[in-house]
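Peer 1: See input-v4.pdb below, with PDB, C-alpha atoms, pLDDT in the B column.
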ATOM      1  CA  MET A  25      -1.623  88.002 -50.572  1.00 52.00           C
ATOM      2  CA  ARG A  26       1.906  89.339 -50.431  1.00 51.00           C
ATOM      3  CA  ARG A  27       3.029  86.195 -48.589  1.00 48.00           C
ATOM      4  CA  ALA A  28       1.349  84.038 -51.268  1.00 44.00           C
ATOM      5  CA  ALA A  29       3.158  85.845 -54.072  1.00 45.00           C
ATOM      6  CA  LEU A  30       6.515  85.537 -52.328  1.00 46.00           C
ATOM      7  CA  LEU A  31       6.042  81.815 -51.658  1.00 43.00           C
ATOM      8  CA  ALA A  32       4.992  81.093 -55.247  1.00 43.00           C
ATOM      9  CA  ALA A  33       7.976  83.057 -56.563  1.00 45.00           C
ATOM     10  CA  ALA A  34      10.312  81.094 -54.268  1.00 45.00           C
ATOM     11  CA  VAL A  35       8.948  77.724 -55.477  1.00 41.00           C
ATOM     12  CA  ILE A  36       9.296  78.665 -59.145  1.00 42.00           C
ATOM     13  CA  ALA A  37      12.811  80.098 -58.634  1.00 44.00           C
ATOM     14  CA  TYR A  38      13.926  76.907 -56.868  1.00 41.00           C
ATOM     15  CA  MET A  39      12.705  74.653 -59.687  1.00 40.00           C
ATOM     16  CA  VAL A  40      14.288  76.807 -62.400  1.00 39.00           C
ATOM     17  CA  ALA A  41      17.600  76.719 -60.527  1.00 42.00           C
ATOM     18  CA  ALA A  42      17.322  72.945 -60.140  1.00 40.00           C
ATOM     19  CA  TRP A  43      16.796  72.478 -63.916  1.00 37.00           C
ATOM     20  CA  MET A  44      20.068  74.307 -64.581  1.00 38.00           C
ATOM     21  CA  VAL A  45      22.277  71.706 -62.862  1.00 39.00           C
ATOM     22  CA  ALA A  46      22.935  67.986 -63.339  1.00 37.00           C
ATOM     23  CA  PRO A  47      21.603  65.622 -62.217  1.00 38.00           C
ATOM     24  CA  GLY A  48      19.166  68.280 -61.013  1.00 37.00           C
ATOM     25  CA  PHE A  49      15.940  68.360 -59.071  1.00 36.00           C
ATOM     26  CA  TYR A  50      14.433  65.254 -60.685  1.00 39.00           C
ATOM     27  CA  ASP A  51      17.063  62.585 -59.998  1.00 41.00           C
ATOM     28  CA  GLY A  52      14.458  59.828 -60.232  1.00 44.00           C
ATOM     29  CA  PHE A  53      13.635  60.685 -63.867  1.00 47.00           C
ATOM     30  CA  GLY A  54      17.176  60.215 -65.201  1.00 49.00           C
ATOM     31  CA  PRO A  55      18.748  57.119 -66.760  1.00 55.00           C
ATOM     32  CA  ALA A  56      19.864  54.325 -64.433  1.00 61.00           C
ATOM     33  CA  SER A  57      23.533  55.133 -65.057  1.00 83.00           C
ATOM     34  CA  PRO A  58      25.436  58.142 -66.438  1.00 92.00           C
ATOM     35  CA  TYR A  59      26.050  58.319 -70.169  1.00 97.00           C
ATOM     36  CA  ASN A  60      29.680  57.883 -71.219  1.00 97.00           C
ATOM     37  CA  TRP A  61      30.520  60.463 -73.874  1.00 98.00           C
ATOM     38  CA  SER A  62      33.088  60.693 -76.651  1.00 97.00           C
ATOM     39  CA  CYS A  63      32.476  64.468 -76.624  1.00 96.00           C
ATOM     40  CA  PRO A  64      30.709  65.321 -73.349  1.00 96.00           C
ATOM     41  CA  PRO A  65      28.450  68.388 -73.203  1.00 95.00           C
ATOM     42  CA  PRO A  66      29.495  71.114 -70.720  1.00 93.00           C
ATOM     43  CA  GLN A  67      26.849  70.086 -68.180  1.00 92.00           C
ATOM     44  CA  ALA A  68      28.037  66.455 -68.077  1.00 93.00           C
ATOM     45  CA  GLY A  69      30.697  67.056 -65.418  1.00 89.00           C
ATOM     46  CA  ALA A  70      33.076  64.130 -64.836  1.00 92.00           C
ATOM     47  CA  ASN A  71      33.084  61.758 -67.783  1.00 96.00           C
ATOM     48  CA  VAL A  72      34.245  58.237 -68.598  1.00 95.00           C
ATOM     49  CA  LYS A  73      35.104  57.463 -72.203  1.00 97.00           C
ATOM     50  CA  PRO A  74      32.709  55.008 -73.886  1.00 98.00           C
ATOM     51  CA  ALA A  75      33.608  51.350 -74.138  1.00 97.00           C
ATOM     52  CA  SER A  76      33.646  49.007 -77.113  1.00 98.00           C
ATOM     53  CA  GLY A  77      31.943  45.632 -77.482  1.00 98.00           C
ATOM     54  CA  HIS A  78      32.421  42.245 -79.132  1.00 98.00           C
ATOM     55  CA  ALA A  79      30.274  39.185 -79.767  1.00 98.00           C
ATOM     56  CA  ASP A  80      30.873  35.821 -81.406  1.00 98.00           C
ATOM     57  CA  ILE A  81      27.712  34.375 -82.935  1.00 98.00           C
ATOM     58  CA  GLN A  82      27.620  30.637 -83.545  1.00 98.00           C
ATOM     59  CA  VAL A  83      26.872  29.317 -87.045  1.00 97.00           C
ATOM     60  CA  VAL A  84      25.468  25.805 -87.510  1.00 96.00           C
ATOM     61  CA  GLY A  85      24.827  24.423 -90.983  1.00 94.00           C
ATOM     62  CA  GLY A  86      25.391  27.845 -92.519  1.00 94.00           C
ATOM     63  CA  VAL A  87      22.736  29.520 -90.300  1.00 96.00           C
ATOM     64  CA  ASN A  88      23.673  31.825 -87.444  1.00 97.00           C
ATOM     65  CA  ASP A  89      21.954  31.595 -84.076  1.00 97.00           C
ATOM     66  CA  ALA A  90      19.705  34.363 -82.803  1.00 97.00           C
ATOM     67  CA  ALA A  91      22.032  36.648 -80.878  1.00 97.00           C
ATOM     68  CA  SER A  92      22.783  40.169 -79.731  1.00 97.00           C
ATOM     69  CA  ALA A  93      25.889  42.325 -79.611  1.00 98.00           C
ATOM     70  CA  TYR A  94      26.405  45.285 -77.299  1.00 97.00           C
ATOM     71  CA  ASP A  95      29.033  47.598 -75.904  1.00 97.00           C
ATOM     72  CA  ARG A  96      30.195  47.179 -72.302  1.00 96.00           C
ATOM     73  CA  ASP A  97      28.391  50.390 -71.306  1.00 95.00           C
ATOM     74  CA  GLY A  98      25.025  49.149 -72.566  1.00 95.00           C
ATOM     75  CA  GLN A  99      24.623  52.268 -74.711  1.00 97.00           C
ATOM     76  CA  ILE A 100      24.043  50.420 -77.992  1.00 98.00           C
ATOM     77  CA  VAL A 101      22.627  46.942 -78.575  1.00 98.00           C
ATOM     78  CA  LEU A 102      22.102  45.126 -81.880  1.00 98.00           C
ATOM     79  CA  GLY A 103      19.906  42.073 -82.298  1.00 98.00           C
ATOM     80  CA  PHE A 104      20.109  39.481 -85.079  1.00 98.00           C
ATOM     81  CA  LEU A 105      17.563  36.858 -86.147  1.00 97.00           C
ATOM     82  CA  PRO A 106      18.539  33.277 -87.070  1.00 97.00           C
ATOM     83  CA  GLY A 107      19.881  33.306 -90.612  1.00 96.00           C
ATOM     84  CA  ALA A 108      20.350  37.080 -90.599  1.00 97.00           C
ATOM     85  CA  PHE A 109      23.951  36.750 -91.824  1.00 97.00           C
ATOM     86  CA  LYS A 110      25.246  35.302 -95.071  1.00 96.00           C
ATOM     87  CA  ALA A 111      27.862  32.949 -93.669  1.00 96.00           C
ATOM     88  CA  ALA A 112      30.666  31.721 -95.869  1.00 95.00           C
ATOM     89  CA  PRO A 113      30.964  27.964 -96.576  1.00 95.00           C
ATOM     90  CA  GLY A 114      32.485  26.245 -93.553  1.00 94.00           C
ATOM     91  CA  GLN A 115      32.190  29.344 -91.345  1.00 96.00           C
ATOM     92  CA  THR A 116      31.391  28.335 -87.745  1.00 97.00           C
ATOM     93  CA  SER A 117      31.046  31.741 -86.108  1.00 97.00           C
ATOM     94  CA  ILE A 118      30.498  35.383 -86.964  1.00 98.00           C
ATOM     95  CA  SER A 119      32.243  38.083 -84.999  1.00 98.00           C
ATOM     96  CA  VAL A 120      30.586  41.445 -84.404  1.00 98.00           C
ATOM     97  CA  ASP A 121      32.575  44.422 -83.151  1.00 98.00           C
ATOM     98  CA  ILE A 122      31.248  47.703 -81.767  1.00 98.00           C
ATOM     99  CA  THR A 123      33.624  50.661 -81.560  1.00 98.00           C
ATOM    100  CA  PRO A 124      32.737  54.160 -80.330  1.00 98.00           C
ATOM    101  CA  LEU A 125      34.029  56.873 -82.621  1.00 98.00           C
ATOM    102  CA  PRO A 126      36.450  59.133 -80.693  1.00 97.00           C
ATOM    103  CA  THR A 127      35.276  62.144 -82.682  1.00 95.00           C
ATOM    104  CA  CYS A 128      31.794  63.643 -83.006  1.00 94.00           C
ATOM    105  CA  PRO A 129      30.656  64.304 -86.602  1.00 94.00           C
ATOM    106  CA  ARG A 130      28.140  67.095 -87.160  1.00 93.00           C
ATOM    107  CA  PRO A 131      26.493  66.452 -90.527  1.00 94.00           C
ATOM    108  CA  ALA A 132      24.485  69.287 -92.021  1.00 92.00           C
ATOM    109  CA  GLY A 133      20.819  69.282 -91.075  1.00 92.00           C
ATOM    110  CA  MET A 134      21.230  66.830 -88.186  1.00 94.00           C
ATOM    111  CA  GLN A 135      21.922  67.099 -84.489  1.00 95.00           C
ATOM    112  CA  PHE A 136      23.279  63.997 -82.760  1.00 97.00           C
ATOM    113  CA  VAL A 137      22.612  63.494 -79.050  1.00 97.00           C
ATOM    114  CA  THR A 138      24.522  60.208 -78.661  1.00 98.00           C
ATOM    115  CA  ASN A 139      27.966  58.946 -79.492  1.00 98.00           C
ATOM    116  CA  VAL A 140      28.647  57.599 -82.963  1.00 98.00           C
ATOM    117  CA  TYR A 141      29.323  53.852 -82.973  1.00 98.00           C
ATOM    118  CA  GLN A 142      30.880  51.778 -85.735  1.00 98.00           C
ATOM    119  CA  VAL A 143      29.483  48.252 -86.004  1.00 98.00           C
ATOM    120  CA  THR A 144      31.262  45.687 -88.179  1.00 98.00           C
ATOM    121  CA  ALA A 145      30.784  41.947 -88.706  1.00 98.00           C
ATOM    122  CA  SER A 146      32.760  39.161 -90.365  1.00 98.00           C
ATOM    123  CA  ALA A 147      29.783  38.403 -92.655  1.00 97.00           C
ATOM    124  CA  PRO A 148      27.208  40.620 -94.403  1.00 96.00           C
ATOM    125  CA  LEU A 149      23.496  40.602 -93.652  1.00 97.00           C
ATOM    126  CA  ALA A 150      21.848  38.000 -95.884  1.00 95.00           C
ATOM    127  CA  ASP A 151      18.255  39.246 -96.228  1.00 92.00           C
ATOM    128  CA  PRO A 152      17.947  42.890 -95.099  1.00 92.00           C
ATOM    129  CA  ALA A 153      14.380  43.200 -96.363  1.00 92.00           C
ATOM    130  CA  ASN A 154      12.993  40.284 -94.338  1.00 93.00           C
ATOM    131  CA  LYS A 155      15.578  39.904 -91.588  1.00 95.00           C
ATOM    132  CA  PRO A 156      16.982  43.342 -90.771  1.00 96.00           C
ATOM    133  CA  ALA A 157      19.037  43.820 -87.647  1.00 97.00           C
ATOM    134  CA  SER A 158      17.545  45.733 -84.743  1.00 97.00           C
ATOM    135  CA  VAL A 159      19.453  48.537 -83.043  1.00 98.00           C
ATOM    136  CA  VAL A 160      18.720  50.107 -79.672  1.00 98.00           C
ATOM    137  CA  MET A 161      20.581  53.219 -78.541  1.00 98.00           C
ATOM    138  CA  ARG A 162      20.467  54.721 -75.079  1.00 98.00           C
ATOM    139  CA  TYR A 163      20.567  58.504 -74.752  1.00 97.00           C
ATOM    140  CA  SER A 164      21.204  60.939 -71.903  1.00 96.00           C
ATOM    141  CA  ASN A 165      18.763  63.164 -70.043  1.00 93.00           C
ATOM    142  CA  LEU A 166      21.273  66.017 -70.398  1.00 94.00           C
ATOM    143  CA  LEU A 167      20.318  66.641 -74.030  1.00 94.00           C
ATOM    144  CA  PRO A 168      16.991  66.778 -75.894  1.00 94.00           C
ATOM    145  CA  GLN A 169      15.283  63.525 -76.737  1.00 95.00           C
ATOM    146  CA  PRO A 170      16.232  62.077 -80.160  1.00 97.00           C
ATOM    147  CA  GLY A 171      13.651  61.343 -82.829  1.00 96.00           C
ATOM    148  CA  ASP A 172      15.622  59.129 -85.237  1.00 97.00           C
ATOM    149  CA  VAL A 173      18.449  56.618 -85.467  1.00 98.00           C
ATOM    150  CA  TYR A 174      20.873  57.474 -88.267  1.00 98.00           C
ATOM    151  CA  LEU A 175      23.136  55.218 -90.339  1.00 98.00           C
ATOM    152  CA  ALA A 176      26.157  55.981 -92.509  1.00 98.00           C
ATOM    153  CA  GLY A 177      28.762  53.964 -94.350  1.00 97.00           C
ATOM    154  CA  ASP A 178      31.314  56.689 -93.674  1.00 97.00           C
ATOM    155  CA  PRO A 179      31.021  59.165 -90.769  1.00 96.00           C
ATOM    156  CA  ALA A 180      32.213  61.938 -93.075  1.00 94.00           C
ATOM    157  CA  GLY A 181      29.713  60.966 -95.776  1.00 94.00           C
ATOM    158  CA  SER A 182      25.932  61.087 -96.008  1.00 96.00           C
ATOM    159  CA  TRP A 183      23.681  59.888 -93.199  1.00 97.00           C
ATOM    160  CA  LYS A 184      20.193  58.450 -93.623  1.00 96.00           C
ATOM    161  CA  SER A 185      17.397  58.179 -91.104  1.00 97.00           C
ATOM    162  CA  LEU A 186      16.216  54.737 -90.014  1.00 98.00           C
ATOM    163  CA  GLY A 187      13.297  56.232 -88.126  1.00 97.00           C
ATOM    164  CA  GLY A 188      12.971  55.268 -84.521  1.00 97.00           C
ATOM    165  CA  THR A 189      10.646  54.462 -81.634  1.00 97.00           C
ATOM    166  CA  VAL A 190      11.466  56.344 -78.445  1.00 97.00           C
ATOM    167  CA  GLN A 191      11.112  54.622 -75.069  1.00 95.00           C
ATOM    168  CA  PRO A 192      11.131  57.551 -72.589  1.00 93.00           C
ATOM    169  CA  LEU A 193      11.049  55.375 -69.462  1.00 92.00           C
ATOM    170  CA  THR A 194      14.339  53.693 -70.424  1.00 93.00           C
ATOM    171  CA  PHE A 195      15.834  56.709 -72.241  1.00 96.00           C
ATOM    172  CA  SER A 196      16.323  54.631 -75.386  1.00 97.00           C
ATOM    173  CA  ILE A 197      15.362  54.652 -79.058  1.00 98.00           C
ATOM    174  CA  ASP A 198      15.135  51.595 -81.312  1.00 98.00           C
ATOM    175  CA  ALA A 199      14.994  51.016 -85.050  1.00 98.00           C
ATOM    176  CA  ARG A 200      15.650  48.388 -87.719  1.00 98.00           C
ATOM    177  CA  THR A 201      18.625  48.560 -90.030  1.00 98.00           C
ATOM    178  CA  PRO A 202      19.271  46.823 -93.366  1.00 97.00           C
ATOM    179  CA  SER A 203      23.032  47.073 -92.994  1.00 97.00           C
ATOM    180  CA  LEU A 204      25.810  47.711 -90.518  1.00 98.00           C
ATOM    181  CA  GLY A 205      28.033  50.757 -90.377  1.00 98.00           C
ATOM    182  CA  TYR A 206      28.066  53.909 -88.243  1.00 98.00           C
ATOM    183  CA  PHE A 207      25.104  54.592 -85.957  1.00 98.00           C
ATOM    184  CA  ALA A 208      23.978  57.644 -83.988  1.00 98.00           C
ATOM    185  CA  ALA A 209      20.698  58.964 -82.598  1.00 98.00           C
ATOM    186  CA  GLY A 210      19.486  62.529 -82.926  1.00 97.00           C
ATOM    187  CA  TYR A 211      16.981  64.720 -84.703  1.00 95.00           C
ATOM    188  CA  PRO A 212      16.813  66.564 -88.039  1.00 90.00           C
ATOM    189  CA  SER A 213      17.819  70.220 -88.365  1.00 75.00           C
ATOM    190  CA  ALA A 214      19.256  72.419 -85.654  1.00 59.00           C
ATOM    191  CA  LYS A 215      16.013  72.379 -83.656  1.00 62.00           C
ATOM    192  CA  PRO A 216      14.938  69.615 -81.234  1.00 61.00           C
ATOM    193  CA  PRO A 217      11.739  67.658 -81.877  1.00 59.00           C
ATOM    194  CA  PRO A 218       8.539  69.549 -80.931  1.00 55.00           C
ATOM    195  CA  ARG A 219       7.970  67.448 -77.809  1.00 51.00           C
ATOM    196  CA  ALA A 220      11.541  67.781 -76.537  1.00 48.00           C
ATOM    197  CA  VAL A 221      12.643  70.255 -73.885  1.00 45.00           C
ATOM    198  CA  THR A 222      16.008  71.993 -73.773  1.00 43.00           C
ATOM    199  CA  VAL A 223      15.857  73.652 -70.330  1.00 42.00           C
ATOM    200  CA  GLY A 224      18.717  72.041 -68.435  1.00 44.00           C
ATOM    201  CA  GLY A 225      18.665  69.135 -70.873  1.00 44.00           C
ATOM    202  CA  GLY A 226      15.434  67.876 -69.243  1.00 44.00           C
ATOM    203  CA  GLN A 227      12.502  66.092 -70.789  1.00 44.00           C
ATOM    204  CA  VAL A 228       8.756  66.714 -70.927  1.00 44.00           C
ATOM    205  CA  LEU A 229       7.835  64.653 -67.848  1.00 46.00           C
ATOM    206  CA  PRO A 230       9.837  66.707 -65.299  1.00 47.00           C
ATOM    207  CA  ILE A 231       8.274  69.899 -66.657  1.00 45.00           C
ATOM    208  CA  VAL A 232       4.762  68.483 -66.236  1.00 44.00           C
ATOM    209  CA  VAL A 233       5.530  67.364 -62.689  1.00 45.00           C
ATOM    210  CA  ALA A 234       6.909  70.816 -61.893  1.00 47.00           C
ATOM    211  CA  VAL A 235       3.739  72.495 -63.124  1.00 45.00           C
ATOM    212  CA  ILE A 236       1.635  70.152 -60.997  1.00 51.00           C
ATOM    213  CA  ILE A 237       3.739  70.962 -57.918  1.00 53.00           C
ATOM    214  CA  VAL A 238       3.273  74.686 -58.472  1.00 47.00           C
ATOM    215  CA  LEU A 239      -0.495  74.264 -58.936  1.00 50.00           C
ATOM    216  CA  VAL A 240      -0.785  72.216 -55.750  1.00 48.00           C
ATOM    217  CA  VAL A 241       1.195  74.794 -53.782  1.00 49.00           C
ATOM    218  CA  LEU A 242      -0.863  77.674 -55.135  1.00 52.00           C
ATOM    219  CA  ALA A 243      -4.126  75.814 -54.531  1.00 55.00           C
ATOM    220  CA  GLY A 244      -3.234  75.332 -50.880  1.00 56.00           C
ATOM    221  CA  LEU A 245      -2.245  78.933 -50.245  1.00 53.00           C
ATOM    222  CA  PRO A 246      -5.770  80.379 -49.714  1.00 57.00           C
ATOM    223  CA  LEU A 247      -6.550  77.724 -47.090  1.00 54.00           C
ATOM    224  CA  ALA A 248      -3.252  78.386 -45.306  1.00 55.00           C
ATOM    225  CA  LEU A 249      -3.908  82.130 -45.295  1.00 55.00           C
ATOM    226  CA  ARG A 250      -7.441  81.667 -43.910  1.00 63.00           C
ATOM    227  CA  ARG A 251      -6.120  79.493 -41.095  1.00 60.00           C
ATOM    228  CA  ARG A 252      -3.440  82.078 -40.375  1.00 60.00           C
ATOM    229  CA  GLY A 253      -6.096  84.814 -40.230  1.00 62.00           C
ATOM    230  CA  ARG A 254      -8.211  82.818 -37.794  1.00 60.00           C
ATOM    231  CA  ARG A 255      -5.245  82.291 -35.472  1.00 59.00           C
ATOM    232  CA  ASP A 256      -4.475  86.021 -35.582  1.00 59.00           C
ATOM    233  CA  GLU A 257      -8.096  86.933 -34.760  1.00 59.00           C
ATOM    234  CA  ALA A 258      -8.443  84.485 -31.861  1.00 55.00           C
ATOM    235  CA  PRO A 259      -6.441  86.561 -29.263  1.00 54.00           C
ATOM    236  CA  HIS A 260      -8.486  89.684 -30.066  1.00 53.00           C
ATOM    237  CA  GLU A 261     -11.763  87.822 -29.454  1.00 51.00           C
ATOM    238  CA  GLU A 262     -10.501  86.619 -26.054  1.00 51.00           C
ATOM    239  CA  GLU A 263      -9.527  90.172 -25.070  1.00 53.00           C
ATOM    240  CA  ASP A 264     -13.002  91.482 -26.016  1.00 53.00           C
ATOM    241  CA  ALA A 265     -14.586  88.792 -23.875  1.00 52.00           C
TER     242      ALA A 265
END
Is it possible to give me this structure as structure tokens?
Peer 2:
Amino acid sequence: MRRAALLAAAVIAYMVAAWMVAPGFYDGFGPASPYNWSCPPPQAGANVKPASGHADIQVVGGVNDAASAYDRDGQIVLGFLPGAFKAAPGQTSISVDITPLPTCPRPAGMQFVTNVYQVTASAPLADPANKPASVVMRYSNLLPQPGDVYLAGDPAGSWKSLGGTVQPLTFSIDARTPSLGYFAAGYPSAKPPPRAVTVGGGQVLPIVVAVIIVLVVLAGLPLALRRRGRRDEAPHEEEDA
């Protein structure tokens, strides 16, 4: 049983050590590409500054086409329905600009886990109640999973939650917004959401897989020890014969 205890301890120690580095033991569970940070966390390592984005949406007869705008990193995407904007008379296109904030605001009672992005357009949204814009933000596996998308008119002012639906497989969160402004994803208060995990910045799925691996290893130990005992007894039986 001493060998079993040592092997189990080695497996658990290896997985704990793997969680403490990036990308870590579970490379296959991370986002498809690294997150580009304005203010990278210590475990991020080498970092590329986030990119901006621009889109020109066509307007025909005063109604804009269905379109999307996104940054060049693919870390924030906004979608607009036909007629979402209130175009001015004679306006033939609406420009949308996405700019990552170089600083990282920390409003009271909120913890952001993405960059803050400013989104502006050359026309206001026409019918926010019936045709809100959609916003999708990608997050990193290095920090806890967000629970909400937040919006502010001024990054130094008050932020309000837009709610959010998390898509763990794509490491993204989406919401609907009645207006444009500054966007970030995170969670309320200084504590992560109940289902989030902070060990090494990982998520729930890697932890579950780790537990399963340990259980499988431990379940196979008795059989391995019995086989070992039989091999050790075999030479003695031949000598007795």
Peer 1: Which residues would end up in the selection if the PyMOL selection byres ((chain A and resi 123) around 7) were applied here, given that I need the answer as a list in words?
Peer 2: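 So the PyMOL selection byres ((chain A and resi 123) around 7) ends up selecting Ser76, Gly77, Asp121, Ile122, Pro124, Leu125, Tyr141, Gln142 and Val143 of chain A.
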Peer 1: Using the chain letters and numbers from the file, which residues does the PyMOL selection byres ((chain A and resi 112) around 12) grab, as number ranges by chain?
Peer 2: A: 83-88, 109-111, 113-118, 146-150
Peer 1: Identify which of the residues A:Phe104, A:Tyr206, A:Phe195, A:Tyr211 lies closest to Gly181 (chain A), counting only C-alpha atoms when measuring atom-to-atom distances.
Peer 2: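 Smallest distance to Gly181 (chain A) is found for A:Tyr206.
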Peer 1: Between CA of Val159 (chain A) and CA of Asn60 (chain A), what is the distance, to one decimal in Å?
Peer 2: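 According to the coordinates, CA of Val159 (chain A) and CA of Asn60 (chain A) are separated by 18.2 Å.
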Peer 1: Skipping near chain neighbours, those fewer than 4 positions away, what residues fall within 12 Å of Asn71 (chain A) using only C-alpha atoms, listed as a PyMOL selection string?
Peer 2: chain A and resi 57-67
Peer 1: Which residues, written as a list of chain:residue names, have at least one atom at most 7 Å from Gln135 (chain A), with only C-alpha atoms counted and residues fewer than 6 positions away on the same chain left out?
Peer 2: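 Final neighbour list, sorted by chain and number: A:Gly210, A:Tyr211, A:Pro212, A:Ser213, A:Ala214.
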Peer 1: May I ask for the distance between CA of Pro131 (chain A) and CA of Ala208 (chain A), given in Å to one decimal place?
Peer 2: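 Calculated distance between CA of Pro131 (chain A) and CA of Ala208 (chain A) is 11.3 Å.
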Peer 1: Quick one: distance from CA of Ala209 (chain A) to CA of Ser92 (chain A) in Å, one decimal?
Peer 2: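 Interatomic distance, CA of Ala209 (chain A) to CA of Ser92 (chain A): 19.1 Å.
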Peer 1: What's the 10 Å shell around Ala199 (chain A), counting all atoms listed in the file, without same-chain residues fewer than 3 positions away, as a list in words?
Peer 2: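 Near Ala199 (chain A), the qualifying residues are Leu102, Pro156, Ala157, Ser158, Val159, Val160, Met161, Asp172, Val173, Tyr174, Ser185, Leu186, Gly187, Gly188, Thr189 and Val190 of chain A.
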Peer 1: Would you compute the box with edges along x, y and z of the file around region 63-79 of chain A, including every atom the file lists for it and 8 Å extra on each side, and give its centre and edge lengths in Å to one decimal, as AutoDock Vina command-line options?
Peer 2:
--center_x 31.0 --center_y 55.1 --center_z -72.3 --size_x 24.3 --size_y 47.9 --size_z 30.9
Peer 1: Neighbouring residues of Arg162 (chain A) were defined as those with any atom within 9 Å, considering only C-alpha atoms; residues of the same chain fewer than 2 positions away were excluded. Please report them as a list of chain:residue names.
Peer 2: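 So, after excluding close chain neighbours, the residues are A:Pro55, A:Tyr59, A:Gly98, A:Gln99, A:Ile100, A:Val101, A:Thr138, A:Val160, A:Ser164, A:Thr194, A:Phe195, A:Ser196, A:Ile197, A:Asp198, A:Ala209.
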